Structures are given as structure tokens and as C-alpha cells.
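One file, run-v4.cif, is given below (mmCIF, C-alpha atoms).
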```cif
data_final
loop_
_atom_site.label_atom_id
_atom_site.label_comp_id
_atom_site.auth_asym_id
_atom_site.auth_seq_id
_atom_site.Cartn_x
_atom_site.Cartn_y
_atom_site.Cartn_z
CA MET A 1 39.16 -41.61 241.32
CA ALA A 2 37.24 -44.54 239.84
CA GLU A 3 39.09 -46.58 237.25
CA LEU A 4 38.02 -48.96 234.48
CA THR A 5 39.74 -52.26 235.18
CA PRO A 6 39.31 -55.82 233.93
CA VAL A 7 37.50 -58.21 236.26
CA GLY A 8 36.85 -61.91 235.68
CA ASP A 9 35.48 -62.88 232.27
CA VAL A 10 33.93 -59.53 231.40
CA SER A 11 35.54 -56.84 229.29
CA TRP A 12 35.54 -54.10 231.91
CA SER A 13 34.45 -52.92 235.29
CA LEU A 14 34.59 -49.60 237.09
CA ARG A 15 35.70 -49.42 240.69
CA SER A 16 35.52 -46.66 243.27
CA GLY A 17 36.30 -47.64 246.83
CA SER A 18 34.20 -50.67 247.71
CA LEU A 19 31.76 -50.00 244.85
CA GLU A 20 32.12 -51.70 241.49
CA VAL A 21 30.10 -51.15 238.32
CA CYS A 22 30.11 -54.02 235.85
CA LEU A 23 27.92 -56.26 233.75
CA ALA A 24 26.41 -59.32 235.43
CA ARG A 25 28.77 -62.22 234.92
CA THR A 26 26.78 -65.15 236.29
CA PRO A 27 23.15 -66.26 236.54
CA ALA A 28 23.41 -65.65 240.29
CA GLU A 29 24.23 -61.97 239.70
CA VAL A 30 21.26 -61.62 237.33
CA GLU A 31 19.05 -63.14 240.02
CA ALA A 32 20.50 -60.68 242.53
CA ALA A 33 19.49 -57.82 240.23
CA GLN A 34 16.01 -59.31 239.96
CA ALA A 35 15.82 -59.58 243.75
CA LEU A 36 16.75 -55.91 244.09
CA ARG A 37 14.11 -55.00 241.51
CA TYR A 38 11.52 -56.97 243.47
CA SER A 39 12.45 -55.23 246.71
CA VAL A 40 12.16 -51.76 245.15
CA PHE A 41 9.24 -52.22 242.74
CA TYR A 42 7.01 -54.57 244.73
CA ARG A 43 7.83 -53.93 248.38
CA GLU A 44 8.52 -50.20 248.27
CA MET A 45 6.38 -49.09 245.32
CA ALA A 46 3.54 -51.61 245.88
CA ALA A 47 3.59 -53.06 242.38
CA GLN A 48 1.54 -56.23 241.90
CA PRO A 49 3.68 -59.37 241.48
CA SER A 50 2.60 -62.56 239.85
CA PRO A 51 2.22 -65.51 242.27
CA GLU A 52 5.49 -66.96 240.92
CA MET A 53 7.35 -63.70 241.54
CA ALA A 54 5.92 -63.39 245.04
CA VAL A 55 7.20 -66.85 245.94
CA ALA A 56 10.64 -66.29 244.40
CA GLU A 57 10.84 -62.65 245.55
CA ARG A 58 12.37 -61.69 242.21
CA ASP A 59 11.14 -59.51 239.35
CA TRP A 60 11.72 -61.03 235.91
CA ASP A 61 10.44 -61.36 232.37
CA ALA A 62 11.63 -62.98 229.15
CA PHE A 63 13.76 -59.95 228.20
CA ASP A 64 16.10 -60.69 231.11
CA GLU A 65 17.42 -63.67 229.14
CA VAL A 66 18.68 -61.57 226.23
CA ALA A 67 19.63 -58.35 228.05
CA ASP A 68 22.86 -57.19 229.60
CA HIS A 69 22.45 -56.29 233.26
CA LEU A 70 24.53 -53.40 234.55
CA LEU A 71 25.19 -53.72 238.28
CA VAL A 72 26.49 -51.60 241.09
CA ILE A 73 28.04 -53.98 243.63
CA ASP A 74 29.20 -52.94 247.07
CA ASN A 75 31.95 -55.46 247.70
CA ALA A 76 31.90 -54.55 251.39
CA ARG A 77 28.42 -56.13 251.58
CA GLY A 78 29.46 -59.28 249.76
CA ARG A 79 28.41 -60.90 246.51
CA GLY A 80 24.93 -62.02 245.51
CA THR A 81 21.78 -60.25 246.60
CA LYS A 82 23.47 -58.39 249.47
CA GLY A 83 26.21 -57.04 247.23
CA VAL A 84 24.06 -55.75 244.35
CA VAL A 85 22.79 -52.28 245.26
CA GLY A 86 21.92 -50.86 241.83
CA THR A 87 20.97 -52.15 238.40
CA TYR A 88 20.01 -51.12 234.87
CA ARG A 89 18.77 -53.47 232.14
CA LEU A 90 20.38 -52.85 228.74
CA ILE A 91 18.89 -54.23 225.49
CA ARG A 92 20.69 -53.66 222.18
CA ARG A 93 19.15 -54.08 218.75
CA GLU A 94 20.68 -57.55 218.40
CA ALA A 95 19.13 -58.70 221.68
CA ALA A 96 15.74 -57.26 220.79
CA ALA A 97 15.85 -59.11 217.47
CA ARG A 98 16.11 -62.37 219.40
CA MET A 99 12.86 -61.46 221.18
CA GLY A 100 11.23 -60.10 218.03
CA ARG A 101 10.73 -56.66 219.61
CA PHE A 102 11.92 -54.20 222.24
CA TYR A 103 10.23 -54.13 225.64
CA SER A 104 8.99 -50.57 225.05
CA ALA A 105 6.92 -51.76 222.09
CA ASP A 106 4.29 -52.93 224.58
CA GLU A 107 3.56 -49.28 225.31
CA TYR A 108 4.89 -47.23 222.39
CA ASP A 109 5.13 -47.25 218.63
CA ILE A 110 8.93 -47.04 218.36
CA THR A 111 9.12 -47.59 214.60
CA LYS A 112 11.02 -44.32 214.12
CA LEU A 113 13.60 -45.31 216.71
CA GLU A 114 14.03 -48.77 215.22
CA ALA A 115 14.63 -47.15 211.83
CA TYR A 116 17.54 -45.12 213.23
CA PRO A 117 20.61 -46.15 211.18
CA GLY A 118 23.08 -46.43 214.08
CA GLU A 119 23.18 -48.76 217.06
CA ILE A 120 20.38 -48.18 219.55
CA LEU A 121 20.01 -49.19 223.18
CA GLU A 122 16.92 -49.63 225.31
CA LEU A 123 17.33 -48.75 228.99
CA GLY A 124 14.96 -50.13 231.58
CA ARG A 125 14.31 -51.73 234.97
CA SER A 126 16.49 -49.17 236.73
CA CYS A 127 16.55 -49.18 240.52
CA VAL A 128 18.90 -48.49 243.43
CA HIS A 129 18.83 -49.80 246.99
CA ALA A 130 17.38 -47.22 249.41
CA ASP A 131 20.69 -46.90 251.30
CA TYR A 132 22.51 -45.94 248.09
CA ARG A 133 20.13 -43.44 246.52
CA ASN A 134 22.51 -40.57 246.10
CA GLY A 135 24.24 -38.71 243.31
CA TYR A 136 27.43 -40.72 243.78
CA THR A 137 25.78 -44.06 243.03
CA MET A 138 23.81 -42.68 240.09
CA ASN A 139 26.99 -41.13 238.71
CA LEU A 140 28.66 -44.54 238.84
CA LEU A 141 25.72 -46.12 237.03
CA TRP A 142 25.89 -43.48 234.31
CA ARG A 143 29.63 -43.88 233.94
CA GLY A 144 28.99 -47.59 233.48
CA ILE A 145 26.38 -46.83 230.82
CA THR A 146 28.87 -44.47 229.15
CA ALA A 147 31.50 -47.23 229.06
CA TYR A 148 28.91 -49.54 227.50
CA VAL A 149 28.04 -46.85 224.94
CA PHE A 150 31.71 -46.55 223.95
CA GLU A 151 32.18 -50.31 223.71
CA TYR A 152 29.16 -50.94 221.47
CA GLU A 153 29.16 -47.59 219.65
CA ILE A 154 25.62 -46.79 220.77
CA GLU A 155 24.22 -43.68 219.10
CA LEU A 156 20.73 -43.48 220.56
CA MET A 157 19.24 -44.62 223.86
CA PHE A 158 15.58 -44.84 224.79
CA GLY A 159 13.23 -46.44 227.26
CA CYS A 160 10.17 -46.03 229.43
CA ALA A 161 10.61 -43.90 232.56
CA SER A 162 8.02 -43.84 235.30
CA ILE A 163 6.25 -41.22 237.39
CA PRO A 164 4.63 -42.64 240.55
CA GLY A 165 0.85 -42.60 240.38
CA VAL A 166 -1.89 -43.70 238.00
CA ASP A 167 -4.10 -40.58 237.86
CA PRO A 168 -2.96 -38.45 234.89
CA ASP A 169 -4.86 -35.42 236.18
CA GLU A 170 -2.93 -35.51 239.46
CA LEU A 171 0.27 -35.73 237.39
CA GLY A 172 -0.80 -32.93 235.09
CA LEU A 173 2.07 -30.60 236.04
CA PRO A 174 5.04 -32.88 235.23
CA LEU A 175 3.31 -34.44 232.21
CA SER A 176 2.41 -31.06 230.74
CA TYR A 177 5.91 -29.72 231.38
CA LEU A 178 7.47 -32.67 229.55
CA TRP A 179 5.16 -32.27 226.55
CA HIS A 180 5.55 -28.51 226.19
CA TYR A 181 9.30 -28.27 226.86
CA SER A 182 10.93 -31.62 226.04
CA LEU A 183 8.94 -33.18 223.18
CA ALA A 184 11.14 -35.07 220.72
CA PRO A 185 11.27 -33.86 217.09
CA PRO A 186 8.87 -35.66 214.73
CA ALA A 187 11.63 -37.73 213.11
CA LEU A 188 12.45 -39.41 216.43
CA ARG A 189 9.15 -39.12 218.28
CA PRO A 190 7.61 -42.37 219.54
CA ARG A 191 3.90 -42.32 220.30
CA ALA A 192 1.96 -44.31 222.85
CA ILE A 193 0.02 -47.09 221.16
CA PRO A 194 -3.63 -46.05 220.59
CA GLU A 195 -5.22 -48.37 223.13
CA ARG A 196 -2.93 -47.08 225.90
CA PHE A 197 -2.48 -43.45 224.85
CA VAL A 198 -2.98 -40.85 227.60
CA GLU A 199 -2.83 -37.17 226.66
CA MET A 200 0.10 -35.41 228.35
CA ARG A 201 -1.12 -31.86 227.66
CA ARG A 202 -3.16 -31.49 230.83
CA LEU A 203 -2.24 -27.81 231.30
CA PRO A 204 -1.58 -24.94 228.89
CA PRO A 205 1.97 -23.54 228.98
CA GLU A 206 0.92 -20.33 230.76
CA GLU A 207 -0.29 -22.39 233.74
CA ILE A 208 2.94 -24.35 234.14
CA ASP A 209 5.26 -23.38 236.97
CA GLN A 210 8.49 -24.76 235.51
CA LYS A 211 10.38 -24.76 238.81
CA ALA A 212 7.54 -26.55 240.59
CA ALA A 213 7.33 -29.08 237.74
CA MET A 214 11.01 -29.94 238.06
CA ASN A 215 10.70 -30.20 241.83
CA VAL A 216 8.13 -33.00 241.48
CA MET A 217 9.87 -34.69 238.55
CA PRO A 218 11.31 -38.13 239.42
CA PRO A 219 15.12 -38.00 239.74
CA LEU A 220 15.62 -40.47 236.88
CA ILE A 221 13.61 -38.38 234.40
CA LYS A 222 15.29 -35.23 235.69
CA GLY A 223 18.65 -36.86 235.00
CA TYR A 224 17.63 -37.73 231.44
CA LEU A 225 16.54 -34.13 230.85
CA ARG A 226 19.91 -32.85 232.07
CA LEU A 227 21.52 -35.03 229.41
CA GLY A 228 19.34 -33.50 226.70
CA GLY A 229 16.66 -36.16 226.93
CA MET A 230 13.54 -35.84 224.80
CA ILE A 231 10.05 -37.23 225.37
CA GLY A 232 7.68 -39.18 223.15
CA ASP A 233 4.04 -38.23 222.66
CA GLY A 234 1.55 -39.72 225.06
CA ALA A 235 1.83 -41.24 228.52
CA VAL A 236 0.89 -44.81 229.47
CA VAL A 237 -0.65 -45.83 232.79
CA ASP A 238 0.90 -49.02 234.17
CA TYR A 239 -1.48 -50.30 236.83
CA GLN A 240 0.74 -53.26 237.70
CA PHE A 241 3.57 -50.96 238.76
CA ASN A 242 1.36 -48.10 240.02
CA THR A 243 3.09 -45.67 237.66
CA THR A 244 2.50 -43.51 234.63
CA ASP A 245 5.17 -44.00 231.99
CA VAL A 246 6.73 -41.67 229.44
CA CYS A 247 9.12 -42.63 226.66
CA VAL A 248 12.53 -40.94 226.89
CA ILE A 249 15.09 -40.61 224.06
CA VAL A 250 18.72 -39.55 224.56
CA LYS A 251 21.35 -39.06 221.87
CA THR A 252 24.56 -40.51 223.24
CA ASP A 253 26.83 -37.80 221.83
CA LEU A 254 25.46 -35.56 224.58
CA VAL A 255 26.26 -38.19 227.22
CA THR A 256 29.75 -39.00 225.98
CA GLU A 257 30.69 -35.34 225.56
CA LYS A 258 29.75 -34.74 229.19
CA TYR A 259 32.00 -37.52 230.41
CA ILE A 260 34.85 -36.65 228.03
CA ARG A 261 34.81 -33.14 229.51
CA HIS A 262 34.81 -34.65 232.99
CA TYR A 263 37.87 -36.75 232.23
CA GLU A 264 39.63 -33.88 230.47
CA ARG A 265 39.26 -31.81 233.62
CA SER A 266 40.88 -34.70 235.47
CA GLU A 267 43.54 -35.01 232.70
CA ARG A 268 42.20 -38.48 231.94
CA ARG A 269 40.28 -40.05 229.10
CA PRO A 270 37.45 -42.57 229.46
CA VAL A 271 39.10 -45.70 228.12
CA LEU A 272 38.09 -49.35 228.29
CA VAL A 273 40.70 -51.73 229.63
CA HIS A 274 40.21 -55.27 228.33
CA PRO A 275 41.59 -58.52 229.73
CA SER A 276 44.57 -59.97 227.97
CA PRO A 277 43.68 -62.67 225.41
#
```

Output the file's structure in the form of C-alpha cells.
Amino acid sequence: MAELTPVGDVSWSLRSGSLEVCLARTPAEVEAAQALRYSVFYREMAAQPSPEMAVAERDWDAFDEVADHLLVIDNARGRGTKGVVGTYRLIRREAAARMGRFYSADEYDITKLEAYPGEILELGRSCVHADYRNGYTMNLLWRGITAYVFEYEIELMFGCASIPGVDPDELGLPLSYLWHYSLAPPALRPRAIPERFVEMRRLPPEEIDQKAAMNVMPPLIKGYLRLGGMIGDGAVVDYQFNTTDVCVIVKTDLVTEKYIRHYERSERRPVLVHPSP
């Protein structure tokens, strides 16, 4: 069973066998996450890097400097680029304030989310090494996110999630399914900014095969939906990354309840263990 244990200078980590989930502790570990992102986004998914990124073979932007970077490290592979096999970028309200905005604001009007009275968290830049794309690794990532949610008392999470492809008509089935069955309530509903807005209602509900729609849904979005995730209005085509994005919102009480139940079944509670002062 994985345990939350203190490691180095950070407040917690989660270990299971050779795998460890923690926050990046050094600039080198952040660069390792960026190298993994480059390998997945640019080599596998054929995104278009800037000349600087192509030379460095890392994916980065200014938000990396203010974000926390959640990592899955396989200690059997070693530290650095070889050890980092999964990552998620986490941006809290305080970090976004240092940038003057959240990353998602480039694609969506998130005014309603920013007005939410509790702590909010933007999730992004998620990727996993091809050899580790399984439910076990994703479960570890989500348990790490849950630990982070507990530590910072996050109440609402959101972020842009991607569907491969840039032709909305070809993606009509998953986009229409998301709009008809998972649209966020008006009080929390972000909307794609006007100049990038793409209508998601490509099909009427009677033409949607729900099972087929879920079969073609990307695993990350499917995972959000299982946690009660809701979708903003409008998709955004991202030609750089060869994807079509949707905005996902998740209330963390649904996430934490799931993991509390998991630990109760194991007669354990999800607790954070901090280093001694």
C-alpha cells in the first residue's frame, strides 16, 4: 500500500514500490518534467515547438516559474529526465496572481471561477510516459493531487483538457456528448472567448450514441467525468498542439470523498506526514 512520507525539503511524498509521487524539489526536476512534456506533446502528438524549445527539447512557458509541478518518479530509472515518468502542473490562485492571470484565460472567460470564494486550482500540462500509461500510474497522480487538495484546502479545480484533432466536425460525437450531458451550471460555467469559440453542439441528443462517445473520449477527460467533472461552453482549437480543448471543472469534495472511502475500506485515512521542524 502506498504511504505518504516526508522526503527531502518538501512537505510530503507518496511512495508505492519504486514509484514516488511528489512536488518538484529542484530546478532540475522541473526541467525533467518539461523534457517529458516535450517528448509526449511534440514528438508523439506532433505539436509545433518554438525554435528554442526544439533546441532544448523541453516544453515550457512563463507559468512554469510560478506553478507547482507534481511528478511521478520511478526511482528504479534514476533521477532527472529518466526518473520522471508523469507530471501535472498545478497553479493556485496565489500563483496566478503573480502572473496576472490563469493560463486558461487565454482560451476561456473564467471570471465565474475566479469569483469562487474558496481556494481554486488550475490543472494543466498533464502527461505520462508511454511505458507508464496505465490505471496504476494515473491513480498515483490523482492521489498526489488529492494530497495537494487537502494541504491547500482546494475547493474547486479546473483546466483545459484536450481531444486530439483540430476538425470540430470530426470530433462532433465527443463534443456534443460533453455539451448535452456534462455542461456546468450557469454559476460556474466558463465560456470560450469570442474570437476562439467553437460550437460544441454538433449533433442533437437523439443522434448521440453515449457508449460510442465515451469509447472515443480521451482517458483524461473520461477520468474527470468519473469524478463528477463538468464542462464549460465552447471548445477551442489549438493548432500548435493539434488538439481541440474543452474547459473542465471539478469540485474537490467529490474527489476527496472518493479517496476517503478508499482509505476507509483499507482502514486508513489519507493524512499528510510533514518533516519535523

Give the answer as one residue: which of A:Glu65, A:Glu122, A:Asp74, A:Asp106 has the shortest atom-to-atom distance to A:Arg92, using all atoms listed in the file?
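Residue with the minimum atom-to-atom distance to A:Arg92: A:Glu122.
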
Protein/DNA/RNA residues near (-0.7, -34.4, 234.2), cut 12 Å, all atoms listed in the file, as a PyMOL selection string
chain A and resi 163-180+198-204+208+213+216-217+234-237+244-246

What does the distance from atom CA of A:Ala192 to atom CA of A:Arg101 come to in Å, to one decimal?
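Spanning atom CA of A:Ala192 to atom CA of A:Arg101 is a straight-line distance of 15.5 Å.
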
Nearest to A:Ala67: which of A:Val250, A:Ile91, A:Met99, A:Val84 is it, counting all atoms listed in the file?
A:Ile91

So the first atom is atom CA of A:Arg89 and the second is atom CA of A:Arg15; what is the distance between them in Å, to one decimal place?
19.4 Å

Given the PyMOL selection byres ((chain A and resi 242) around 6) and the file above, list the residues it selects as a compact mmCIF listing (two decimals) with C-alpha atoms, in the frame of the given file.
```txt
# COMPACT_ATOMS: atom_id res chain seq x y z
CA ALA A 47 3.59 -53.06 242.38
CA GLY A 165 0.85 -42.60 240.38
CA VAL A 166 -1.89 -43.70 238.00
CA ASP A 238 0.90 -49.02 234.17
CA TYR A 239 -1.48 -50.30 236.83
CA GLN A 240 0.74 -53.26 237.70
CA PHE A 241 3.57 -50.96 238.76
CA THR A 243 3.09 -45.67 237.66
```

Rank A:Pro218, A:Cys160, A:Leu36, A:Tyr181 by their smallest atom-to-atom distance to A:Glu107, using all atoms listed in the file, and report the top residue only.
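Nearest to A:Glu107: A:Cys160.
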
What's the separation between atom CA of A:Gly135 and atom CA of A:Lys222, in Å to one decimal place?
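So the two atoms, atom CA of A:Gly135 and atom CA of A:Lys222, lie 12.3 Å apart.
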
Residues matched by the PyMOL selection byres ((chain A and resi 223-229) around 8), written as a PyMOL selection string:
chain A and resi 182+219-222+230-231+248-251+254-255

Can you spell out as a PDB file with C-alpha atoms, keeping the file's coordinate frame the set of residues that the PyMOL selection byres ((chain A and resi 38) around 9) selects in the structure I just provided?
```pdb
ATOM      1  CA  ALA A  33      19.490 -57.820 240.230  1.00  0.00           C
ATOM      2  CA  GLN A  34      16.010 -59.310 239.960  1.00  0.00           C
ATOM      3  CA  ALA A  35      15.820 -59.580 243.750  1.00  0.00           C
ATOM      4  CA  LEU A  36      16.750 -55.910 244.090  1.00  0.00           C
ATOM      5  CA  ARG A  37      14.110 -55.000 241.510  1.00  0.00           C
ATOM      6  CA  SER A  39      12.450 -55.230 246.710  1.00  0.00           C
ATOM      7  CA  VAL A  40      12.160 -51.760 245.150  1.00  0.00           C
ATOM      8  CA  PHE A  41       9.240 -52.220 242.740  1.00  0.00           C
ATOM      9  CA  TYR A  42       7.010 -54.570 244.730  1.00  0.00           C
ATOM     10  CA  ARG A  43       7.830 -53.930 248.380  1.00  0.00           C
ATOM     11  CA  GLU A  44       8.520 -50.200 248.270  1.00  0.00           C
ATOM     12  CA  ALA A  47       3.590 -53.060 242.380  1.00  0.00           C
ATOM     13  CA  PRO A  49       3.680 -59.370 241.480  1.00  0.00           C
ATOM     14  CA  MET A  53       7.350 -63.700 241.540  1.00  0.00           C
ATOM     15  CA  ALA A  54       5.920 -63.390 245.040  1.00  0.00           C
ATOM     16  CA  GLU A  57      10.840 -62.650 245.550  1.00  0.00           C
ATOM     17  CA  ARG A  58      12.370 -61.690 242.210  1.00  0.00           C
ATOM     18  CA  ASP A  59      11.140 -59.510 239.350  1.00  0.00           C
ATOM     19  CA  TRP A  60      11.720 -61.030 235.910  1.00  0.00           C
TER      20      TRP A  60
END
```

I'd like the contact shell of stretch 131-133 of chain A - 12 Å cut-off, only C-alpha atoms, skipping same-chain residues fewer than 5 positions apart - returned as number ranges by chain.
A: 19, 40, 72-74, 82-87, 126, 138-141, 219-220

Given the selection you just returned, output its residues as a file containing C-alpha atoms, formatted as a PDB file, in the frame of the given file.
```
ATOM      1  CA  LEU A  19      31.760 -50.000 244.850  1.00  0.00           C
ATOM      2  CA  VAL A  40      12.160 -51.760 245.150  1.00  0.00           C
ATOM      3  CA  VAL A  72      26.490 -51.600 241.090  1.00  0.00           C
ATOM      4  CA  ILE A  73      28.040 -53.980 243.630  1.00  0.00           C
ATOM      5  CA  ASP A  74      29.200 -52.940 247.070  1.00  0.00           C
ATOM      6  CA  LYS A  82      23.470 -58.390 249.470  1.00  0.00           C
ATOM      7  CA  GLY A  83      26.210 -57.040 247.230  1.00  0.00           C
ATOM      8  CA  VAL A  84      24.060 -55.750 244.350  1.00  0.00           C
ATOM      9  CA  VAL A  85      22.790 -52.280 245.260  1.00  0.00           C
ATOM     10  CA  GLY A  86      21.920 -50.860 241.830  1.00  0.00           C
ATOM     11  CA  THR A  87      20.970 -52.150 238.400  1.00  0.00           C
ATOM     12  CA  SER A 126      16.490 -49.170 236.730  1.00  0.00           C
ATOM     13  CA  MET A 138      23.810 -42.680 240.090  1.00  0.00           C
ATOM     14  CA  ASN A 139      26.990 -41.130 238.710  1.00  0.00           C
ATOM     15  CA  LEU A 140      28.660 -44.540 238.840  1.00  0.00           C
ATOM     16  CA  LEU A 141      25.720 -46.120 237.030  1.00  0.00           C
ATOM     17  CA  PRO A 219      15.120 -38.000 239.740  1.00  0.00           C
ATOM     18  CA  LEU A 220      15.620 -40.470 236.880  1.00  0.00           C
TER      19      LEU A 220
END
```

From the set A:Leu23, A:Ala28, A:Ala187, A:Cys247, which residue has the shortest atom-to-atom contact distance to A:Gly124, counting only C-alpha atoms?
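Using only C-alpha atoms, A:Gly124 sits closest to A:Cys247.
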
Considering only C-alpha atoms, state which residue in the set A:Met214, A:Leu156, A:Ile193, A:Thr146 is at the smallest distance from A:Glu114.
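Closest to A:Glu114 of all the choices is A:Leu156.
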
Kindly indicate which residue among A:Glu52, A:Asp68, A:Asp61, A:Glu94 lies nearest to A:Cys22, using all atoms listed in the file for the distances.
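For A:Cys22, the nearest of the candidates is A:Asp68.
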
Could you add N, CA and C atoms to stretch 33-55 of chain A and give me the result as a PDB file, in the coordinates of the input?
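Output (selection.pdb):
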```
ATOM      1  N   ALA A  33      20.103 -59.027 240.781  1.00  0.00           N
ATOM      2  CA  ALA A  33      19.490 -57.820 240.230  1.00  0.00           C
ATOM      3  C   ALA A  33      17.971 -57.931 240.260  1.00  0.00           C
ATOM      4  N   GLN A  34      17.465 -59.098 239.930  1.00  0.00           N
ATOM      5  CA  GLN A  34      16.010 -59.310 239.960  1.00  0.00           C
ATOM      6  C   GLN A  34      15.461 -59.209 241.382  1.00  0.00           C
ATOM      7  N   ALA A  35      16.248 -59.684 242.355  1.00  0.00           N
ATOM      8  CA  ALA A  35      15.820 -59.580 243.750  1.00  0.00           C
ATOM      9  C   ALA A  35      15.782 -58.121 244.203  1.00  0.00           C
ATOM     10  N   LEU A  36      16.764 -57.335 243.775  1.00  0.00           N
ATOM     11  CA  LEU A  36      16.750 -55.910 244.090  1.00  0.00           C
ATOM     12  C   LEU A  36      15.549 -55.236 243.453  1.00  0.00           C
ATOM     13  N   ARG A  37      15.274 -55.561 242.193  1.00  0.00           N
ATOM     14  CA  ARG A  37      14.110 -55.000 241.510  1.00  0.00           C
ATOM     15  C   ARG A  37      12.823 -55.343 242.268  1.00  0.00           C
ATOM     16  N   TYR A  38      12.721 -56.574 242.730  1.00  0.00           N
ATOM     17  CA  TYR A  38      11.520 -56.970 243.470  1.00  0.00           C
ATOM     18  C   TYR A  38      11.380 -56.142 244.751  1.00  0.00           C
ATOM     19  N   SER A  39      12.484 -55.976 245.465  1.00  0.00           N
ATOM     20  CA  SER A  39      12.450 -55.230 246.710  1.00  0.00           C
ATOM     21  C   SER A  39      11.991 -53.791 246.479  1.00  0.00           C
ATOM     22  N   VAL A  40      12.499 -53.157 245.417  1.00  0.00           N
ATOM     23  CA  VAL A  40      12.160 -51.760 245.150  1.00  0.00           C
ATOM     24  C   VAL A  40      10.766 -51.626 244.546  1.00  0.00           C
ATOM     25  N   PHE A  41      10.503 -52.395 243.482  1.00  0.00           N
ATOM     26  CA  PHE A  41       9.240 -52.220 242.740  1.00  0.00           C
ATOM     27  C   PHE A  41       8.030 -52.748 243.510  1.00  0.00           C
ATOM     28  N   TYR A  42       8.169 -53.913 244.139  1.00  0.00           N
ATOM     29  CA  TYR A  42       7.010 -54.570 244.730  1.00  0.00           C
ATOM     30  C   TYR A  42       6.843 -54.280 246.218  1.00  0.00           C
ATOM     31  N   ARG A  43       7.960 -54.220 246.955  1.00  0.00           N
ATOM     32  CA  ARG A  43       7.830 -53.930 248.380  1.00  0.00           C
ATOM     33  C   ARG A  43       7.683 -52.430 248.624  1.00  0.00           C
ATOM     34  N   GLU A  44       8.553 -51.641 248.018  1.00  0.00           N
ATOM     35  CA  GLU A  44       8.520 -50.200 248.270  1.00  0.00           C
ATOM     36  C   GLU A  44       7.411 -49.500 247.487  1.00  0.00           C
ATOM     37  N   MET A  45       7.283 -49.826 246.198  1.00  0.00           N
ATOM     38  CA  MET A  45       6.380 -49.090 245.320  1.00  0.00           C
ATOM     39  C   MET A  45       5.016 -49.770 245.168  1.00  0.00           C
ATOM     40  N   ALA A  46       4.840 -50.911 245.837  1.00  0.00           N
ATOM     41  CA  ALA A  46       3.540 -51.610 245.880  1.00  0.00           C
ATOM     42  C   ALA A  46       3.057 -52.063 244.518  1.00  0.00           C
ATOM     43  N   ALA A  47       3.991 -52.438 243.632  1.00  0.00           N
ATOM     44  CA  ALA A  47       3.590 -53.060 242.380  1.00  0.00           C
ATOM     45  C   ALA A  47       2.976 -54.428 242.678  1.00  0.00           C
ATOM     46  N   GLN A  48       2.253 -54.971 241.689  1.00  0.00           N
ATOM     47  CA  GLN A  48       1.540 -56.230 241.900  1.00  0.00           C
ATOM     48  C   GLN A  48       2.303 -57.388 241.252  1.00  0.00           C
ATOM     49  N   PRO A  49       2.925 -58.257 242.052  1.00  0.00           N
ATOM     50  CA  PRO A  49       3.680 -59.370 241.480  1.00  0.00           C
ATOM     51  C   PRO A  49       2.783 -60.516 241.072  1.00  0.00           C
ATOM     52  N   SER A  50       3.283 -61.312 240.152  1.00  0.00           N
ATOM     53  CA  SER A  50       2.600 -62.560 239.850  1.00  0.00           C
ATOM     54  C   SER A  50       2.821 -63.512 241.027  1.00  0.00           C
ATOM     55  N   PRO A  51       2.001 -64.554 241.165  1.00  0.00           N
ATOM     56  CA  PRO A  51       2.220 -65.510 242.270  1.00  0.00           C
ATOM     57  C   PRO A  51       3.622 -66.103 242.249  1.00  0.00           C
ATOM     58  N   GLU A  52       4.150 -66.376 241.033  1.00  0.00           N
ATOM     59  CA  GLU A  52       5.490 -66.960 240.920  1.00  0.00           C
ATOM     60  C   GLU A  52       6.555 -65.986 241.423  1.00  0.00           C
ATOM     61  N   MET A  53       6.390 -64.706 241.073  1.00  0.00           N
ATOM     62  CA  MET A  53       7.350 -63.700 241.540  1.00  0.00           C
ATOM     63  C   MET A  53       7.288 -63.540 243.044  1.00  0.00           C
ATOM     64  N   ALA A  54       6.079 -63.565 243.598  1.00  0.00           N
ATOM     65  CA  ALA A  54       5.920 -63.390 245.040  1.00  0.00           C
ATOM     66  C   ALA A  54       6.621 -64.511 245.804  1.00  0.00           C
ATOM     67  N   VAL A  55       6.539 -65.722 245.289  1.00  0.00           N
ATOM     68  CA  VAL A  55       7.200 -66.850 245.940  1.00  0.00           C
ATOM     69  C   VAL A  55       8.712 -66.728 245.834  1.00  0.00           C
TER      70      VAL A  55
END
```
